[in-house]
$ cat target-v1.txt   # compact mmCIF, C-alpha atoms
# COMPACT_ATOMS: atom_id res chain seq x y z
CA MET A 1 49.01 14.69 -67.91
CA TRP A 2 46.26 17.23 -68.09
CA LYS A 3 46.69 20.88 -67.37
CA GLY A 4 45.43 21.85 -63.95
CA GLU A 5 45.09 18.33 -62.60
CA THR A 6 46.68 16.82 -59.53
CA LEU A 7 48.24 13.55 -60.49
CA VAL A 8 49.19 11.52 -57.46
CA LEU A 9 51.96 8.97 -57.81
CA LEU A 10 51.06 6.37 -55.23
CA GLY A 11 53.10 3.37 -54.28
CA ARG A 12 55.13 1.60 -51.65
CA SER A 13 58.69 2.50 -50.77
CA GLY A 14 60.96 1.66 -53.67
CA ALA A 15 58.13 1.56 -56.21
CA GLY A 16 59.74 4.31 -58.26
CA LYS A 17 57.61 7.33 -57.27
CA THR A 18 60.47 9.70 -56.51
CA THR A 19 62.42 8.40 -59.49
CA ALA A 20 59.49 9.23 -61.74
CA LEU A 21 59.30 12.70 -60.23
CA LYS A 22 63.00 13.39 -60.70
CA LEU A 23 62.76 12.39 -64.32
CA ILE A 24 60.44 15.35 -64.81
CA ASN A 25 62.90 18.00 -63.62
CA ARG A 26 65.84 16.05 -64.99
CA LEU A 27 67.52 15.35 -61.69
CA LEU A 28 67.59 11.94 -63.35
CA GLU A 29 67.71 11.17 -67.05
CA PRO A 30 65.73 8.37 -68.65
CA THR A 31 67.82 5.43 -69.85
CA THR A 32 65.20 4.68 -72.48
CA GLY A 33 62.25 6.67 -73.72
CA ASP A 34 61.52 10.34 -73.20
CA VAL A 35 59.84 12.48 -70.59
CA LEU A 36 57.95 15.34 -72.19
CA VAL A 37 57.51 18.68 -70.43
CA SER A 38 55.43 21.20 -72.38
CA GLY A 39 55.68 18.85 -75.33
CA ARG A 40 59.45 18.77 -75.29
CA SER A 41 61.76 15.98 -74.14
CA THR A 42 63.54 16.83 -70.88
CA ARG A 43 66.75 15.98 -72.67
CA ALA A 44 66.08 18.73 -75.18
CA TRP A 45 65.55 21.25 -72.36
CA ASP A 46 68.38 23.16 -70.76
CA PRO A 47 68.19 21.48 -67.32
CA ILE A 48 68.74 24.75 -65.45
CA ALA A 49 65.95 26.57 -67.33
CA LEU A 50 63.68 23.54 -66.98
CA ARG A 51 64.13 23.35 -63.21
CA ARG A 52 63.53 27.06 -62.74
CA ARG A 53 60.20 26.68 -64.55
CA ILE A 54 59.06 23.85 -62.31
CA GLY A 55 58.15 24.28 -58.66
CA TYR A 56 59.71 21.60 -56.48
CA VAL A 57 58.66 20.75 -52.93
CA ILE A 58 60.74 18.22 -51.03
CA GLN A 59 60.18 16.47 -47.76
CA GLU A 60 61.77 17.98 -44.64
CA THR A 61 65.36 18.70 -45.71
CA GLY A 62 64.48 20.70 -48.80
CA LEU A 63 65.11 24.16 -47.35
CA LEU A 64 68.62 25.55 -47.44
CA PRO A 65 69.62 25.60 -43.76
CA HIS A 66 71.85 28.68 -43.99
CA PHE A 67 69.24 30.80 -45.80
CA SER A 68 66.52 32.72 -44.00
CA VAL A 69 62.88 32.02 -44.85
CA GLU A 70 62.88 35.07 -47.15
CA GLN A 71 66.01 33.94 -48.94
CA ASN A 72 64.63 30.43 -49.36
CA VAL A 73 61.35 31.63 -50.81
CA GLY A 74 63.07 34.19 -53.04
CA LEU A 75 65.63 31.67 -54.30
CA VAL A 76 64.26 30.79 -57.72
CA PRO A 77 63.23 34.38 -58.56
CA ARG A 78 66.75 35.46 -57.60
CA LEU A 79 68.27 32.76 -59.80
CA CYS A 80 66.01 34.01 -62.59
CA GLY A 81 67.40 37.52 -62.14
CA TRP A 82 64.37 39.35 -60.76
CA SER A 83 64.97 42.79 -59.22
CA ALA A 84 65.38 42.92 -55.44
CA GLU A 85 62.18 44.92 -55.02
CA ARG A 86 60.11 42.54 -57.13
CA ILE A 87 61.49 39.59 -55.15
CA ARG A 88 60.69 41.27 -51.83
CA VAL A 89 57.08 41.88 -52.84
CA ARG A 90 56.69 38.39 -54.24
CA VAL A 91 58.19 36.73 -51.15
CA ALA A 92 55.81 38.61 -48.86
CA GLU A 93 52.89 37.67 -51.09
CA MET A 94 53.89 33.98 -51.11
CA LEU A 95 54.33 33.82 -47.34
CA GLN A 96 50.90 35.37 -46.85
CA LEU A 97 49.51 32.83 -49.28
CA VAL A 98 50.70 29.90 -47.18
CA GLY A 99 49.61 31.56 -43.96
CA LEU A 100 52.95 32.77 -42.59
CA GLU A 101 53.24 36.39 -41.51
CA PRO A 102 56.28 37.78 -43.41
CA ALA A 103 57.22 40.20 -40.61
CA VAL A 104 57.30 37.36 -38.09
CA PHE A 105 58.85 34.55 -40.11
CA GLY A 106 60.82 36.22 -42.92
CA ARG A 107 64.10 36.59 -41.07
CA ARG A 108 64.04 33.22 -39.31
CA HIS A 109 66.16 30.29 -40.34
CA PRO A 110 64.54 26.94 -41.14
CA ARG A 111 65.70 25.31 -37.92
CA ALA A 112 63.76 27.91 -35.94
CA LEU A 113 60.51 26.69 -37.53
CA SER A 114 58.23 23.78 -36.76
CA GLY A 115 57.91 20.96 -39.29
CA GLY A 116 54.59 22.29 -40.54
CA GLN A 117 55.97 25.80 -40.95
CA ARG A 118 58.95 24.47 -42.87
CA GLN A 119 56.66 22.68 -45.28
CA ARG A 120 54.65 25.87 -45.79
CA VAL A 121 57.87 27.67 -46.63
CA GLY A 122 58.70 24.85 -49.04
CA VAL A 123 55.37 25.31 -50.82
CA ALA A 124 55.83 29.11 -50.88
CA ARG A 125 59.27 28.66 -52.42
CA ALA A 126 57.99 26.30 -55.08
CA LEU A 127 55.27 28.78 -56.06
CA ALA A 128 57.46 31.91 -55.97
CA ALA A 129 58.50 31.99 -59.63
CA ASP A 130 54.92 31.21 -60.65
CA PRO A 131 55.58 27.86 -62.34
CA GLU A 132 52.83 26.09 -64.25
CA LEU A 133 53.94 22.74 -62.94
CA LEU A 134 54.52 21.77 -59.32
CA LEU A 135 56.37 18.62 -58.26
CA MET A 136 55.78 17.54 -54.68
CA ASP A 137 57.76 14.69 -53.16
CA GLU A 138 55.99 13.49 -50.01
CA PRO A 139 55.75 17.08 -48.83
CA PHE A 140 53.65 16.25 -45.78
CA GLY A 141 55.20 12.87 -45.00
CA ALA A 142 57.21 13.86 -41.95
CA LEU A 143 54.47 15.80 -40.20
CA ASP A 144 52.31 14.75 -37.28
CA PRO A 145 48.83 13.56 -38.36
CA VAL A 146 46.99 16.69 -37.19
CA THR A 147 49.35 19.10 -38.92
CA ARG A 148 49.32 16.89 -42.00
CA VAL A 149 45.54 16.97 -42.37
CA ASP A 150 45.62 20.70 -41.75
CA LEU A 151 48.16 21.30 -44.50
CA GLN A 152 46.42 18.90 -46.88
CA GLU A 153 43.21 20.88 -46.56
CA GLN A 154 44.96 24.19 -47.02
CA PHE A 155 46.90 22.87 -49.97
CA ARG A 156 43.76 21.63 -51.66
CA ALA A 157 42.13 25.02 -51.25
CA LEU A 158 45.26 26.75 -52.53
CA LYS A 159 45.44 24.42 -55.47
CA GLN A 160 41.85 25.16 -56.49
CA ARG A 161 42.58 28.86 -56.31
CA LEU A 162 45.81 28.83 -58.29
CA GLY A 163 44.98 26.15 -60.85
CA LYS A 164 48.50 24.76 -61.09
CA THR A 165 49.28 21.37 -62.53
CA VAL A 166 50.65 19.18 -59.75
CA VAL A 167 52.48 15.87 -59.60
CA PHE A 168 52.28 14.64 -56.03
CA VAL A 169 54.22 11.71 -54.63
CA THR A 170 52.91 9.87 -51.59
CA HIS A 171 52.55 6.41 -50.11
CA ASP A 172 49.53 7.48 -48.10
CA LEU A 173 46.29 6.32 -49.71
CA ARG A 174 44.14 8.78 -47.75
CA GLU A 175 46.28 11.66 -48.94
CA ALA A 176 46.08 10.37 -52.51
CA LEU A 177 42.28 10.09 -52.39
CA PHE A 178 41.91 13.51 -50.81
CA LEU A 179 44.23 15.49 -53.07
CA GLY A 180 44.34 13.60 -56.34
CA THR A 181 42.20 14.14 -59.40
CA ARG A 182 43.87 11.02 -60.75
CA ILE A 183 45.95 8.41 -58.99
CA ALA A 184 48.77 6.61 -60.75
CA LEU A 185 49.65 3.47 -58.85
CA LEU A 186 53.28 2.38 -59.15
CA ALA A 187 54.49 -1.05 -58.15
CA GLU A 188 58.05 -2.34 -58.50
CA GLY A 189 59.00 0.37 -60.95
CA ARG A 190 55.97 -0.15 -63.20
CA LEU A 191 52.73 1.67 -63.67
CA ALA A 192 50.02 -0.63 -62.29
CA GLY A 193 47.19 1.62 -63.41
CA VAL A 194 45.71 5.11 -63.40
CA PHE A 195 42.45 5.66 -61.58
CA SER A 196 40.14 8.38 -60.40
CA PRO A 197 39.81 8.32 -56.60
CA ALA A 198 36.39 6.67 -56.86
CA GLU A 199 37.63 4.04 -59.31
CA PHE A 200 40.60 3.29 -57.11
CA LEU A 201 38.39 2.13 -54.22
CA ASN A 202 36.32 -0.19 -56.39
CA THR A 203 38.71 -1.48 -59.00
CA SER A 204 39.46 -5.13 -59.49
CA ASN A 205 43.07 -4.28 -60.29
CA PRO A 206 44.95 -6.54 -57.86
CA ALA A 207 47.66 -4.02 -56.97
CA ALA A 208 45.12 -1.32 -56.19
CA ALA A 209 42.87 -3.72 -54.31
CA ALA A 210 45.83 -4.87 -52.23
CA TYR A 211 46.66 -1.26 -51.45
CA VAL A 212 43.10 -0.54 -50.37
CA ALA A 213 42.99 -3.69 -48.26
CA ALA A 214 46.27 -2.84 -46.56
CA PHE A 215 44.87 0.49 -45.49
CA SER A 216 42.50 0.69 -42.60
CA LEU A 217 39.65 1.51 -44.98
CA ARG A 218 38.98 -2.19 -45.33
CA ASP A 219 41.32 -3.52 -42.74
CA PRO A 220 39.64 -6.49 -40.99
CA ARG A 221 41.50 -5.53 -37.83
CA PHE A 222 39.38 -2.39 -37.64
CA LYS A 223 36.02 -4.16 -37.99
CA GLY A 224 33.46 -3.64 -35.28
CA SER A 225 32.31 -0.37 -33.77
CA GLU A 226 34.60 -0.38 -30.75
CA GLY A 227 37.74 -0.28 -32.89
CA PRO A 228 40.99 -1.97 -32.04
CA SER A 229 42.04 -2.23 -28.44
CA PRO A 230 45.25 -0.40 -27.86
CA ILE A 231 46.29 -3.01 -25.33
CA PRO A 232 47.08 -6.55 -26.50
CA GLU A 233 44.74 -9.10 -24.97
CA GLU A 234 47.36 -11.10 -23.18
CA MET A 235 48.27 -8.02 -21.17
CA THR A 236 44.75 -7.29 -19.97
CA GLU A 237 44.46 -10.43 -17.91
CA MET B 21 119.25 41.24 -16.62
CA ASN B 22 115.68 41.83 -15.54
CA PRO B 23 112.86 41.76 -18.12
CA GLY B 24 112.48 45.56 -18.08
CA GLU B 25 116.16 46.05 -18.81
CA PHE B 26 115.98 43.40 -21.56
CA MET B 27 113.02 45.08 -23.21
CA ARG B 28 114.77 48.46 -23.17
CA ARG B 29 117.71 47.02 -25.03
CA ASN B 30 115.94 44.59 -27.36
CA GLY B 31 112.36 45.86 -27.52
CA SER B 32 112.63 47.41 -30.95
CA GLN B 33 114.31 44.32 -32.37
CA MET B 34 111.66 42.13 -30.84
CA LEU B 35 109.02 44.20 -32.57
CA ALA B 36 110.85 43.99 -35.89
CA LEU B 37 111.29 40.22 -35.62
CA THR B 38 107.65 39.76 -34.61
CA SER B 39 106.51 41.64 -37.67
CA GLU B 40 108.88 39.60 -39.85
CA HIS B 41 107.43 36.47 -38.30
CA LEU B 42 103.90 37.59 -39.02
CA GLY B 43 104.96 38.40 -42.59
CA LEU B 44 106.24 34.85 -43.14
CA VAL B 45 103.16 33.26 -41.65
CA GLY B 46 100.75 35.67 -43.34
CA ALA B 47 102.26 35.20 -46.80
CA SER B 48 102.31 31.41 -46.49
CA MET B 49 98.74 31.29 -45.16
CA LEU B 50 97.51 33.41 -48.06
CA LEU B 51 99.21 31.02 -50.47
CA ALA B 52 97.97 27.93 -48.64
CA VAL B 53 94.37 29.16 -48.62
CA GLY B 54 94.63 30.45 -52.19
CA ILE B 55 95.86 27.08 -53.41
CA GLY B 56 94.29 24.77 -50.84
CA VAL B 57 90.64 25.82 -51.00
CA PRO B 58 90.31 25.64 -54.81
CA LEU B 59 92.24 22.38 -54.74
CA GLY B 60 89.91 20.94 -52.11
CA VAL B 61 86.89 21.96 -54.19
CA LEU B 62 88.44 20.42 -57.29
CA LEU B 63 89.06 17.14 -55.47
CA VAL B 64 85.35 16.85 -54.65
CA ARG B 65 84.30 17.71 -58.19
CA ARG B 66 86.92 15.69 -60.03
CA PRO B 67 88.05 12.82 -57.82
CA GLY B 68 89.70 11.17 -60.81
CA PRO B 69 89.21 7.54 -61.84
CA GLY B 70 88.34 5.63 -58.67
CA GLY B 71 89.30 8.65 -56.58
CA ALA B 72 92.93 8.33 -57.74
CA VAL B 73 93.61 12.07 -58.00
CA GLN B 74 91.99 12.58 -54.61
CA LYS B 75 94.23 10.01 -52.96
CA LEU B 76 97.31 11.31 -54.75
CA VAL B 77 96.86 14.94 -53.71
CA LEU B 78 95.83 14.20 -50.12
CA GLY B 79 98.66 11.67 -49.90
CA PHE B 80 101.18 14.21 -51.16
CA ALA B 81 99.99 16.80 -48.66
CA SER B 82 100.22 14.24 -45.84
CA VAL B 83 103.76 13.30 -46.84
CA MET B 84 104.80 16.96 -46.81
CA GLN B 85 103.73 17.12 -43.19
CA THR B 86 105.97 14.21 -42.23
CA VAL B 87 109.14 15.80 -43.60
CA PRO B 88 111.01 17.29 -40.65
CA SER B 89 110.71 21.05 -40.93
CA LEU B 90 114.40 21.81 -40.73
CA ALA B 91 115.02 19.33 -43.56
CA LEU B 92 112.30 20.88 -45.69
CA PHE B 93 113.79 24.34 -45.25
CA GLY B 94 117.18 22.92 -46.19
CA PHE B 95 115.89 21.11 -49.28
CA LEU B 96 114.61 24.35 -50.74
CA LEU B 97 117.92 26.21 -50.42
CA PRO B 98 119.50 24.88 -53.65
CA VAL B 99 116.36 25.72 -55.67
CA PRO B 100 117.11 28.66 -57.99
CA TRP B 101 115.42 32.00 -57.11
CA LEU B 102 113.73 30.43 -54.10
CA GLY B 103 116.95 29.56 -52.36
CA ALA B 104 118.45 32.95 -53.10
CA ARG B 105 116.67 34.41 -50.11
CA GLY B 106 115.85 32.66 -46.86
CA ASP B 107 112.42 34.23 -46.53
CA ARG B 108 111.34 32.93 -49.96
CA SER B 109 112.23 29.34 -49.11
CA ALA B 110 110.64 29.72 -45.70
CA VAL B 111 107.35 30.93 -47.18
CA VAL B 112 107.28 28.01 -49.62
CA ALA B 113 108.09 25.49 -46.90
CA LEU B 114 105.43 26.93 -44.60
CA THR B 115 102.90 26.86 -47.43
CA LEU B 116 103.60 23.18 -48.07
CA TYR B 117 103.03 22.49 -44.38
CA ALA B 118 99.82 24.47 -44.21
CA LEU B 119 98.40 22.89 -47.34
CA LEU B 120 97.26 19.60 -45.82
CA PRO B 121 94.83 20.90 -43.21
CA VAL B 122 93.40 23.44 -45.64
CA VAL B 123 92.94 21.02 -48.56
CA ARG B 124 91.70 18.21 -46.38
CA ASN B 125 89.16 20.28 -44.48
CA THR B 126 87.88 21.95 -47.64
CA PHE B 127 87.49 18.53 -49.22
CA ILE B 128 85.73 17.03 -46.21
CA GLY B 129 83.60 20.10 -45.56
CA ILE B 130 82.21 20.16 -49.08
CA ARG B 131 81.96 16.40 -49.46
CA ASP B 132 79.89 16.18 -46.27
CA VAL B 133 77.29 18.77 -47.25
CA ASP B 134 73.94 17.00 -46.85
CA PRO B 135 73.19 15.40 -50.24
CA ALA B 136 69.50 16.23 -49.78
CA VAL B 137 70.37 19.92 -49.46
CA ARG B 138 72.59 19.73 -52.51
CA GLU B 139 69.89 18.01 -54.54
CA ALA B 140 67.29 20.54 -53.42
CA ALA B 141 69.53 23.37 -54.62
CA ILE B 142 70.06 21.67 -57.98
CA GLY B 143 66.33 20.97 -58.19
CA MET B 144 65.67 24.69 -57.74
CA GLY B 145 67.74 25.32 -60.85
CA MET B 146 71.15 26.32 -59.49
CA THR B 147 74.12 26.02 -61.80
CA GLY B 148 77.24 24.25 -60.57
CA ASN B 149 78.88 27.55 -59.77
CA GLN B 150 75.88 28.88 -57.85
CA LEU B 151 75.69 25.63 -55.94
CA LEU B 152 79.33 26.01 -54.90
CA ARG B 153 79.18 29.68 -53.92
CA GLN B 154 75.73 29.86 -52.39
CA VAL B 155 75.38 26.45 -50.79
CA GLU B 156 78.47 24.28 -50.56
CA LEU B 157 81.09 26.84 -49.52
CA PRO B 158 78.86 28.58 -46.95
CA LEU B 159 77.86 25.26 -45.40
CA ALA B 160 81.44 23.98 -45.39
CA MET B 161 82.90 27.24 -44.10
CA GLY B 162 83.05 26.19 -40.46
CA VAL B 163 85.05 23.07 -41.30
CA ILE B 164 87.30 24.94 -43.75
CA LEU B 165 88.05 27.59 -41.13
CA ALA B 166 88.91 24.90 -38.61
CA GLY B 167 91.55 23.69 -41.09
CA ILE B 168 92.89 27.21 -41.61
CA ARG B 169 93.08 27.62 -37.85
CA VAL B 170 95.15 24.47 -37.39
CA ALA B 171 97.39 25.54 -40.27
CA ALA B 172 97.92 29.04 -38.87
CA VAL B 173 98.80 27.88 -35.37
CA THR B 174 101.21 25.25 -36.70
CA SER B 175 102.83 27.74 -39.07
CA ILE B 176 103.53 30.22 -36.29
CA GLY B 177 105.49 27.55 -34.46
CA VAL B 178 107.26 26.10 -37.48
CA ALA B 179 108.22 29.55 -38.76
CA THR B 180 110.70 29.91 -35.88
CA ILE B 181 112.84 27.29 -37.66
CA GLY B 182 113.03 29.65 -40.66
CA ALA B 183 115.73 31.60 -38.84
CA ALA B 184 118.04 28.64 -39.47
CA ILE B 185 118.08 29.47 -43.16
CA GLY B 186 118.19 33.22 -42.67
CA ALA B 187 114.49 33.88 -43.07
CA GLY B 188 114.37 36.06 -39.98
CA GLY B 189 111.44 36.06 -37.58
CA LEU B 190 111.32 35.27 -33.88
CA GLY B 191 113.47 32.19 -34.45
CA GLU B 192 116.45 34.59 -34.60
CA PHE B 193 116.22 35.13 -30.85
CA ILE B 194 115.76 31.43 -30.20
CA PHE B 195 118.73 30.30 -32.29
CA ARG B 196 120.95 33.03 -30.83
CA GLY B 197 119.76 32.05 -27.38
CA VAL B 198 120.58 28.39 -27.99
CA ALA B 199 124.02 29.28 -29.37
CA SER B 200 124.88 31.55 -26.44
CA VAL B 201 123.09 29.46 -23.81
CA SER B 202 120.87 32.41 -22.92
CA ASN B 203 117.43 31.55 -21.60
CA GLU B 204 116.47 35.21 -21.82
CA LEU B 205 117.06 35.26 -25.57
CA ILE B 206 115.23 31.97 -26.08
CA MET B 207 112.26 33.27 -24.17
CA ALA B 208 112.38 36.57 -26.06
CA GLY B 209 111.64 34.49 -29.17
CA ALA B 210 109.44 31.82 -27.67
CA ILE B 211 107.05 33.97 -25.65
CA PRO B 212 105.98 36.31 -28.47
CA ALA B 213 105.64 33.30 -30.80
CA ALA B 214 103.42 31.55 -28.28
CA LEU B 215 101.34 34.69 -27.82
CA LEU B 216 100.93 35.02 -31.58
CA ALA B 217 99.75 31.41 -31.78
CA ILE B 218 97.28 31.88 -28.95
CA GLY B 219 96.03 35.10 -30.52
CA ALA B 220 95.56 33.50 -33.94
CA ASP B 221 93.83 30.49 -32.40
CA THR B 222 91.45 32.62 -30.36
CA PHE B 223 90.63 34.95 -33.25
CA LEU B 224 90.04 32.22 -35.84
CA GLY B 225 88.14 30.17 -33.27
CA ALA B 226 85.78 33.08 -32.69
CA VAL B 227 85.25 33.54 -36.45
CA GLU B 228 84.60 29.82 -36.80
CA ARG B 229 82.03 29.78 -34.00
CA ARG B 230 80.24 32.74 -35.53
CA LEU B 231 80.04 31.03 -38.90
CA ARG B 232 78.84 27.77 -37.42
CA ALA B 233 76.16 29.60 -35.48
CA VAL B 234 74.76 31.04 -38.72
CA ARG B 235 74.25 27.63 -40.26

$ encode --input "target-v1.txt" --output "structure tokens"
Amino acid sequence: MWKGETLVLLGRSGAGKTTALKLINRLLEPTTGDVLVSGRSTRAWDPIALRRRIGYVIQETGLLPHFSVEQNVGLVPRLCGWSAERIRVRVAEMLQLVGLEPAVFGRRHPRALSGGQRQRVGVARALAADPELLLMDEPFGALDPVTRVDLQEQFRALKQRLGKTVVFVTHDLREALFLGTRIALLAEGRLAGVFSPAEFLNTSNPAAAAYVAAFSLRDPRFKGSEGPSPIPEEMTE
Amino acid sequence: MNPGEFMRRNGSQMLALTSEHLGLVGASMLLAVGIGVPLGVLLVRRPGPGGAVQKLVLGFASVMQTVPSLALFGFLLPVPWLGARGDRSAVVALTLYALLPVVRNTFIGIRDVDPAVREAAIGMGMTGNQLLRQVELPLAMGVILAGIRVAAVTSIGVATIGAAIGAGGLGEFIFRGVASVSNELIMAGAIPAALLAIGADTFLGAVERRLRAVR
């Protein structure tokens, strides 16, 4: 991986995307081989210290339900032993960064937030201890399409500003093309290839081509200017 | 004898026996929670090979509940030091009774914490201890308290039997009432015991609801 890049792990369900991600923060340990973080095998790292140095964003359920937004965002700094004042300032800063007003949202609990707001809090939490590396496991997967696009755009802008290194798991090709600097395609637990977004669309790699074909980008069902009819033909008679 | 007359004669004794009763229940509940909660946590963390330890401990606690209470009090009498005083045996017997709901609910409460939440906490870099104190116990607290509530209400009732082995408490009135065929005496024991149980149930229920609301 290169510093500052966004590597997208793309693949179908069960392809091993999340497994690959969890190997990085040692929620899983490799049975063979090594995963290197900052040039050191994850097995040589103290897992607790390793995880506190890596930001981790998880789909939907990742926030602690009994913690307020402030407590969730301040979690890793607190675990790292920051002073209360420093945490307070940092939490407010992070919430501003993801577009949530600290005075309005700080005291709320996750269940009092919308899905999009929860994901913003998740991103704020992952960034709070200022990690160099960010792991994101389908962070926008459970959101409605409009909110998803919204958050994708904001995340891309944020990413360019902060210059973090990101590993991003998704099964959504559009998301991969939009956010990724490189796309690693996983299929059945193996790496099928690594592509730039432009390469991905034009490669002859069968797994990538199949992925592209399956998406509406080249879906024959979407051919023609009128688009697909929402009503099946037999019902229009 | 009308109730007013009865209270004038026995009021102070009723108060003394009620406080004895509360002492028995309070001491046994402290022990049951002090032993039961850590034990429940341990069962989740170290279920033993194939969950053998888990089954053994929960099985033992279940069996304790099936022993008739009078028999359990009696069994403890010949035990040295314990049997020397009725209240000691009574506290131990009540603790054994209260253990099952406390251990079981602690076990279930912690086991059923959403695995995704647990993994998120670990992924943030929590140690095992932090996970337990900051995530698992707070999230399981409603269920654990429900167990403590059941244990407390049961104990208040069972503790009346303690009078049979000289442990004191409101059972004194009941046993004397049975012996002398006096409904007044029986009620003098039974009514305060029932009120205590209702009070404990209401109080712990309110605490439980509060904690669940926070989740």

$ atom_distance --input "target-v1.txt" --atom1 "CA of Ile54 in chain A" --atom2 "CA of Glu132 in chain A"
6.9 Å

$ closest_residue --input "target-v1.txt" --among "B:Leu231, B:Val45, B:Gly103, B:Met27" --to "chain A" --atoms "only C-alpha atoms"
B:Leu231

$ closest_atom_pairs --input "target-v1.txt" --of "chain B" --to "chain A" --cutoff "10 Å" --atoms "only C-alpha atoms" --output "JSON lines"
{"residue": "B:Asp134", "atom": "CA", "partner": "A:Thr61", "partner_atom": "CA", "distance": 8.8}
{"residue": "B:Pro135", "atom": "CA", "partner": "A:Thr61", "partner_atom": "CA", "distance": 9.6}
{"residue": "B:Ala136", "atom": "CA", "partner": "A:Thr61", "partner_atom": "CA", "distance": 6.3}
{"residue": "B:Val137", "atom": "CA", "partner": "A:Gly62", "partner_atom": "CA", "distance": 6.0}
{"residue": "B:Arg138", "atom": "CA", "partner": "A:Leu64", "partner_atom": "CA", "distance": 8.7}
{"residue": "B:Glu139", "atom": "CA", "partner": "A:Leu27", "partner_atom": "CA", "distance": 8.0}
{"residue": "B:Ala140", "atom": "CA", "partner": "A:Gly62", "partner_atom": "CA", "distance": 5.4}
{"residue": "B:Ala141", "atom": "CA", "partner": "A:Leu64", "partner_atom": "CA", "distance": 7.6}
{"residue": "B:Ile142", "atom": "CA", "partner": "A:Leu27", "partner_atom": "CA", "distance": 7.8}
{"residue": "B:Gly143", "atom": "CA", "partner": "A:Arg51", "partner_atom": "CA", "distance": 6.0}
{"residue": "B:Met144", "atom": "CA", "partner": "A:Arg51", "partner_atom": "CA", "distance": 5.8}
{"residue": "B:Gly145", "atom": "CA", "partner": "A:Arg51", "partner_atom": "CA", "distance": 4.7}
{"residue": "B:Met146", "atom": "CA", "partner": "A:Ile48", "partner_atom": "CA", "distance": 6.6}
{"residue": "B:Thr147", "atom": "CA", "partner": "A:Ile48", "partner_atom": "CA", "distance": 6.6}
{"residue": "B:Gly148", "atom": "CA", "partner": "A:Ile48", "partner_atom": "CA", "distance": 9.8}
{"residue": "B:Gln150", "atom": "CA", "partner": "A:Leu79", "partner_atom": "CA", "distance": 8.8}
{"residue": "B:Gln154", "atom": "CA", "partner": "A:Phe67", "partner_atom": "CA", "distance": 9.3}
{"residue": "B:Val155", "atom": "CA", "partner": "A:Leu64", "partner_atom": "CA", "distance": 7.6}
{"residue": "B:Pro158", "atom": "CA", "partner": "A:His66", "partner_atom": "CA", "distance": 7.6}
{"residue": "B:Leu159", "atom": "CA", "partner": "A:His66", "partner_atom": "CA", "distance": 7.1}
{"residue": "B:Leu231", "atom": "CA", "partner": "A:His66", "partner_atom": "CA", "distance": 9.9}
{"residue": "B:Arg232", "atom": "CA", "partner": "A:His66", "partner_atom": "CA", "distance": 9.6}
{"residue": "B:Ala233", "atom": "CA", "partner": "A:His66", "partner_atom": "CA", "distance": 9.6}
{"residue": "B:Val234", "atom": "CA", "partner": "A:His66", "partner_atom": "CA", "distance": 6.5}
{"residue": "B:Arg235", "atom": "CA", "partner": "A:His66", "partner_atom": "CA", "distance": 4.6}

$ atom_distance --input "target-v1.txt" --atom1 "CA of Leu78 in chain B" --atom2 "CA of Gly162 in chain B"
20.0 Å

$ closest_residue --input "target-v1.txt" --among "B:Ile211, B:Ala187, B:Val133, B:Leu205" --to "Leu97 in chain B" --atoms "all atoms listed in the file"
B:Ala187

$ closest_residue --input "target-v1.txt" --among "A:Val212, A:Ala15, A:Leu113, A:Val121" --to "Arg174 in chain A" --atoms "all atoms listed in the file"
A:Val212
